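The structure file final_16.cif is reproduced below (mmCIF, C-alpha atoms).
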```cif
data_protein
loop_
_atom_site.label_atom_id
_atom_site.label_comp_id
_atom_site.auth_asym_id
_atom_site.auth_seq_id
_atom_site.Cartn_x
_atom_site.Cartn_y
_atom_site.Cartn_z
CA GLY A 1 9.08 27.94 153.94
CA GLU A 2 7.75 27.48 157.43
CA GLU A 3 4.12 27.68 156.50
CA VAL A 4 1.86 26.14 153.90
CA ALA A 5 1.34 28.81 151.27
CA GLN A 6 -1.80 28.74 149.16
CA THR A 7 -2.45 30.99 146.18
CA PRO A 8 -4.51 32.76 145.20
CA LYS A 9 -6.48 33.68 148.33
CA HIS A 10 -9.57 34.34 146.26
CA LEU A 11 -10.54 33.13 142.79
CA VAL A 12 -13.67 34.02 140.86
CA ARG A 13 -14.67 32.02 137.80
CA GLY A 14 -17.66 31.96 135.52
CA GLU A 15 -19.43 28.65 135.24
CA GLY A 16 -17.60 26.47 132.74
CA GLN A 17 -14.23 28.17 133.17
CA LYS A 18 -11.11 26.47 134.46
CA ALA A 19 -9.77 27.08 137.95
CA LYS A 20 -6.26 26.30 139.15
CA LEU A 21 -5.20 26.49 142.76
CA TYR A 22 -1.67 26.24 144.13
CA CYS A 23 -0.13 24.99 147.33
CA ALA A 24 3.48 25.18 148.46
CA PRO A 25 3.94 22.75 151.38
CA ILE A 26 6.35 23.36 154.19
CA LYS A 27 9.87 22.56 153.08
CA GLY A 28 10.78 19.00 153.96
CA HIS A 29 7.20 17.78 154.28
CA SER A 30 6.56 14.65 152.25
CA TYR A 31 2.77 14.52 152.39
CA VAL A 32 0.29 16.96 150.91
CA PHE A 33 -3.48 16.87 151.37
CA TRP A 34 -6.29 18.76 149.67
CA TYR A 35 -9.63 19.39 151.39
CA GLN A 36 -12.81 21.11 150.25
CA GLN A 37 -14.96 23.07 152.70
CA VAL A 38 -18.37 24.06 151.35
CA LEU A 39 -20.35 26.79 153.12
CA LYS A 40 -18.36 26.37 156.35
CA ASN A 41 -19.49 22.77 156.66
CA GLU A 42 -17.27 19.81 157.17
CA PHE A 43 -13.96 19.38 155.48
CA LYS A 44 -14.20 16.90 152.63
CA PHE A 45 -11.00 15.01 151.82
CA LEU A 46 -10.10 15.17 148.14
CA ILE A 47 -6.63 13.74 147.56
CA SER A 48 -3.26 13.18 149.21
CA PHE A 49 0.25 12.92 147.84
CA GLN A 50 3.45 11.35 149.08
CA ASN A 51 6.04 13.49 147.38
CA GLU A 52 4.98 13.55 143.72
CA ASN A 53 2.99 10.33 143.91
CA VAL A 54 -0.75 10.13 144.50
CA PHE A 55 -1.26 8.45 147.89
CA ASP A 56 -5.04 8.45 148.20
CA GLU A 57 -7.42 9.91 145.63
CA THR A 58 -10.65 8.34 146.82
CA GLY A 59 -12.19 11.73 147.57
CA MET A 60 -11.58 13.24 144.16
CA PRO A 61 -14.57 13.68 141.87
CA LYS A 62 -13.92 11.45 138.89
CA GLU A 63 -14.59 14.16 136.38
CA ARG A 64 -13.24 17.69 136.08
CA PHE A 65 -10.87 17.54 139.11
CA SER A 66 -7.19 16.78 138.82
CA ALA A 67 -4.15 17.42 141.01
CA LYS A 68 -0.37 17.24 140.76
CA CYS A 69 2.67 17.60 142.97
CA LEU A 70 5.75 17.90 140.78
CA PRO A 71 9.33 18.23 142.03
CA ASN A 72 10.49 21.80 142.62
CA SER A 73 7.03 23.22 141.90
CA PRO A 74 4.00 24.09 144.01
CA CYS A 75 1.32 21.42 144.11
CA SER A 76 -1.79 22.26 142.12
CA LEU A 77 -5.47 21.43 142.08
CA GLU A 78 -7.25 22.06 138.81
CA ILE A 79 -10.96 22.10 138.12
CA GLN A 80 -12.02 21.96 134.49
CA ALA A 81 -15.38 23.41 133.50
CA THR A 82 -16.30 24.69 136.96
CA LYS A 83 -19.83 24.33 138.26
CA LEU A 84 -21.71 26.42 140.82
CA GLU A 85 -21.40 23.64 143.41
CA ASP A 86 -17.59 23.83 143.19
CA SER A 87 -17.78 27.11 145.12
CA ALA A 88 -15.94 26.40 148.34
CA VAL A 89 -12.78 27.07 150.26
CA TYR A 90 -10.05 24.65 149.23
CA PHE A 91 -7.49 23.91 151.92
CA CYS A 92 -4.10 22.36 151.49
CA ALA A 93 -2.22 20.74 154.35
CA SER A 94 1.21 19.16 154.61
CA SER A 95 2.77 16.69 157.00
CA PRO A 96 6.41 15.79 157.53
CA GLN A 97 6.23 12.06 157.77
CA SER A 98 2.77 10.58 157.90
CA ALA A 99 -0.36 10.17 155.85
CA THR A 100 -2.46 10.38 159.00
CA ASN A 101 -3.50 13.57 160.76
CA GLU A 102 -0.52 13.83 163.05
CA ASN A 103 1.56 16.93 162.54
CA LEU A 104 -0.77 18.36 159.93
CA PHE A 105 -0.17 22.00 159.03
CA PHE A 106 -2.89 23.81 157.10
CA GLY A 107 -2.71 26.69 154.69
CA SER A 108 -5.15 29.59 154.82
CA GLY A 109 -7.17 28.28 151.91
CA THR A 110 -8.29 29.49 148.50
CA GLN A 111 -11.84 30.80 148.31
CA LEU A 112 -13.26 29.75 144.94
CA SER A 113 -16.44 31.48 143.82
CA VAL A 114 -18.13 30.15 140.69
CA LEU A 115 -20.69 32.56 139.28
CA LYS B 1 -18.43 4.55 156.93
CA GLN B 2 -17.11 6.82 159.65
CA GLU B 3 -19.35 9.73 160.59
CA VAL B 4 -18.36 12.49 162.98
CA THR B 5 -20.96 14.64 164.71
CA GLN B 6 -20.36 17.74 166.79
CA ILE B 7 -22.83 19.17 169.24
CA PRO B 8 -23.76 21.94 169.67
CA ALA B 9 -23.41 23.54 166.24
CA ALA B 10 -23.07 26.95 167.88
CA LEU B 11 -22.55 28.19 171.41
CA SER B 12 -22.44 31.63 173.04
CA VAL B 13 -21.27 31.95 176.62
CA PRO B 14 -20.16 34.84 178.85
CA GLU B 15 -16.47 35.33 179.41
CA GLY B 16 -15.03 33.36 182.30
CA GLU B 17 -17.33 30.36 182.05
CA ASN B 18 -16.09 26.81 181.65
CA LEU B 19 -17.55 24.99 178.68
CA VAL B 20 -17.65 21.60 176.99
CA LEU B 21 -17.78 20.82 173.30
CA ASN B 22 -18.85 17.36 172.20
CA CYS B 23 -17.77 15.11 169.38
CA SER B 24 -19.09 11.64 168.56
CA PHE B 25 -18.00 9.14 165.95
CA THR B 26 -19.60 5.97 164.66
CA ASP B 27 -16.61 3.67 164.06
CA SER B 28 -14.37 3.08 167.07
CA ALA B 29 -11.51 1.73 164.92
CA ILE B 30 -9.53 4.96 164.93
CA TYR B 31 -5.84 5.81 165.15
CA ASN B 32 -6.38 9.07 166.98
CA LEU B 33 -8.68 12.03 167.46
CA GLN B 34 -7.70 15.64 167.04
CA TRP B 35 -9.27 18.96 167.94
CA PHE B 36 -8.64 21.93 165.68
CA ARG B 37 -9.46 25.58 165.85
CA GLN B 38 -10.48 27.58 162.78
CA ASP B 39 -10.53 31.36 162.79
CA PRO B 40 -12.46 33.25 160.06
CA GLY B 41 -10.54 33.32 156.79
CA LYS B 42 -7.82 31.07 158.17
CA GLY B 43 -6.84 27.44 158.02
CA LEU B 44 -6.89 25.01 160.90
CA THR B 45 -4.67 25.12 163.94
CA SER B 46 -4.16 21.89 165.82
CA LEU B 47 -5.05 22.15 169.52
CA LEU B 48 -4.83 18.63 170.92
CA LEU B 49 -4.16 15.18 169.50
CA ILE B 50 -5.22 12.10 171.46
CA GLN B 51 -3.85 8.75 170.37
CA SER B 52 -6.28 5.81 170.40
CA SER B 53 -4.49 4.34 173.41
CA GLN B 54 -4.84 7.54 175.44
CA ARG B 55 -7.80 8.87 177.37
CA GLU B 56 -7.01 12.55 177.53
CA GLN B 57 -4.64 15.34 176.66
CA THR B 58 -4.19 18.75 178.25
CA SER B 59 -2.75 22.01 177.01
CA GLY B 60 -3.14 25.10 179.15
CA ARG B 61 -6.86 25.79 179.64
CA LEU B 62 -7.83 23.02 177.22
CA ASN B 63 -8.50 19.41 178.08
CA ALA B 64 -9.65 16.81 175.59
CA SER B 65 -10.91 13.37 176.52
CA LEU B 66 -11.44 10.28 174.43
CA ASP B 67 -13.74 7.33 175.09
CA LYS B 68 -13.17 5.09 172.12
CA SER B 69 -15.61 2.38 173.14
CA SER B 70 -18.53 4.81 173.28
CA GLY B 71 -17.33 6.84 170.31
CA ARG B 72 -17.08 10.12 172.16
CA SER B 73 -14.68 12.94 172.79
CA THR B 74 -15.09 16.18 174.69
CA LEU B 75 -13.11 19.40 174.58
CA TYR B 76 -13.20 21.26 177.87
CA ILE B 77 -12.26 24.94 177.89
CA ALA B 78 -11.67 26.47 181.29
CA ALA B 79 -12.15 30.15 182.13
CA SER B 80 -13.17 31.10 178.59
CA GLN B 81 -11.87 34.33 177.05
CA PRO B 82 -13.07 36.41 174.08
CA GLY B 83 -9.98 35.24 172.17
CA ASP B 84 -11.34 31.70 172.34
CA SER B 85 -14.10 32.70 169.89
CA ALA B 86 -13.63 30.51 166.82
CA THR B 87 -14.95 27.34 165.21
CA TYR B 88 -13.71 24.15 166.85
CA LEU B 89 -13.46 21.04 164.73
CA CYS B 90 -13.05 17.45 165.76
CA ALA B 91 -11.24 15.13 163.34
CA VAL B 92 -10.98 11.37 163.59
CA GLY B 93 -7.88 9.72 162.16
CA GLY B 94 -8.23 6.28 160.63
CA ASP B 95 -7.60 5.21 157.05
CA LYS B 96 -8.69 8.75 156.33
CA ILE B 97 -9.10 11.88 158.39
CA ILE B 98 -12.82 12.60 158.84
CA PHE B 99 -13.89 15.99 160.16
CA GLY B 100 -17.02 17.00 162.00
CA LYS B 101 -18.89 20.13 160.97
CA GLY B 102 -17.59 22.08 163.90
CA THR B 103 -18.95 24.08 166.80
CA ARG B 104 -19.00 27.88 166.38
CA LEU B 105 -18.06 29.32 169.73
CA HIS B 106 -18.66 32.94 170.69
CA ILE B 107 -17.38 34.21 174.02
CA LEU B 108 -19.22 37.32 175.13
CA PRO B 109 -17.02 39.98 176.77
#
```

For the file at hand, write its structure as structure tokens.
Amino acid sequence: GEEVAQTPKHLVRGEGQKAKLYCAPIKGHSYVFWYQQVLKNEFKFLISFQNENVFDETGMPKERFSAKCLPNSPCSLEIQATKLEDSAVYFCASSPQSATNENLFFGSGTQLSVL
Amino acid sequence: KQEVTQIPAALSVPEGENLVLNCSFTDSAIYNLQWFRQDPGKGLTSLLLIQSSQREQTSGRLNASLDKSSGRSTLYIAASQPGDSATYLCAVGGDKIIFGKGTRLHILP
């Protein structure tokens, strides 16, 4: 597709439940990035992929967060045992050829609310 | 550790005014600097990208400058319009992309 598609738009989970977010990058883009935006504050980098390989995961919380980009499937970000502080908008972005911020295209985000 | 600061956090101006948004960063070793626009409930739209070797970029009513040595960038919006109302984010590209917290801009009709 010609845009980064994120699903669902909204996700509500009780504390301790699992949350799974999906991102379909623009066709032909090799790099995928996940960002977390809490309470409209700054974007926090979580993880990036080059195709199906993790490129940079230094922003990922060591526990409870995991992500995958498998061939012929949307990328996913999964949070096990969600906590209240996980409430945020999670943005996915893709880039055709670079792991830097050139030619970054963002999705509309998934609003995760943990109650 | 790179830190990006945007001032002011929020700004309201009457339609037609020219305005300047500021961005500062602590580590001058950057690849580039980018200004984004975020509308409510939407992702980010790239406005201008300035490479580290450049001093400014222009697109329509927007002009962004970069002074790497002082760690500063400005986004100048000429003849503001109500449709310019949005949050404007500055992002510094290095080993990672580091975002500022943004400036919420409201143009009063």

* To do: Enumerate as a PyMOL selection string the residues belonging to chain B that approach chain A to within 7 Å, with all atoms listed in the file taken into account.
  => chain B and resi 41-44+93+96-97+99-101

* To do: Convert the output of the PyMOL selection byres ((chain A and resi 27) around 9) on the shown file into explicit residues, formatted as a ChimeraX atom specification.
  => /A:1-4,24-26,28-30,96

* Mind telling me what the PyMOL selection byres ((chain B and resi 28-35) around 7) catches here, as a ChimeraX atom specification? -> /B:26-27,36-37,46-52,68-69,71,88-94

* Asked: Which polymer residues have any atom within 6 Å of an atom of stretch 60-69 of chain A, counting all atoms listed in the file, with same-chain residues fewer than 5 positions away left out, as number ranges by chain?
  -> A: 46, 52, 75-80

* Asked: Counting all atoms listed in the file, what is within 7 Å of B:Ala10, bar same-chain residues fewer than 5 positions away, as a ChimeraX atom specification?
  -> /B:103-105

* Counting all atoms listed in the file, figure out which residue out of B:Asp39, B:Glu3, B:Glu56, B:Asp95 gets nearest to B:Tyr76. => B:Glu56

Could you tell me which residues the PyMOL selection byres ((chain A and resi 114) around 7) returns for this structure, as a short mmCIF file (atom, residue, chain, number, x, y, z; two decimals) with C-alpha atoms, in the frame of the given file?
```
data_model
loop_
_atom_site.label_atom_id
_atom_site.label_comp_id
_atom_site.auth_asym_id
_atom_site.auth_seq_id
_atom_site.Cartn_x
_atom_site.Cartn_y
_atom_site.Cartn_z
CA VAL A 12 -13.67 34.02 140.86
CA ARG A 13 -14.67 32.02 137.80
CA GLY A 14 -17.66 31.96 135.52
CA GLU A 15 -19.43 28.65 135.24
CA THR A 82 -16.30 24.69 136.96
CA LYS A 83 -19.83 24.33 138.26
CA LEU A 84 -21.71 26.42 140.82
CA ASP A 86 -17.59 23.83 143.19
CA SER A 87 -17.78 27.11 145.12
CA LEU A 112 -13.26 29.75 144.94
CA SER A 113 -16.44 31.48 143.82
CA LEU A 115 -20.69 32.56 139.28
#
```

* To do: Extract, using only C-alpha atoms, all DNA, RNA and protein residues at most 7 Å from B:Ser85, discarding same-chain residues fewer than 3 positions from it, and format them as a VMD selection string.
  => chain B and resid 82 105 to 107

Preceding selection exported with C-alpha atoms as a PDB file, in the frame of the given file:
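Result saved to out-v3.pdb:
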```
ATOM      1  CA  PRO B  82     -13.070  36.410 174.080  1.00  0.00           C
ATOM      2  CA  LEU B 105     -18.060  29.320 169.730  1.00  0.00           C
ATOM      3  CA  HIS B 106     -18.660  32.940 170.690  1.00  0.00           C
ATOM      4  CA  ILE B 107     -17.380  34.210 174.020  1.00  0.00           C
TER       5      ILE B 107
END
```

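In this model, the gap between atom CA of A:Asn72 and atom CA of A:Asn51 comes to 10.6 Å.
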
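One distance worth recording is that between atom CA of A:Asn53 and atom CA of A:Cys23, which is 15.4 Å.
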
* To do: Name all residues at most 12 Å from B:Val20 (count all atoms listed in the file; drop same-chain ones fewer than 5 positions away) and give them as a count of residues only.
  => 23

* Work out how far apart atom CA of B:Gln81 and atom CA of A:Leu39 are and give it in Å to one decimal. =>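 Rounded to one decimal, the two atoms are 26.5 Å apart.
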
* Between B:Ile98, B:Asp67, B:Leu108, B:Leu21, which one has atoms that come closest to B:Ala9, using all atoms listed in the file? ->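 Of the candidates, the smallest distance to B:Ala9 is held by B:Leu21.
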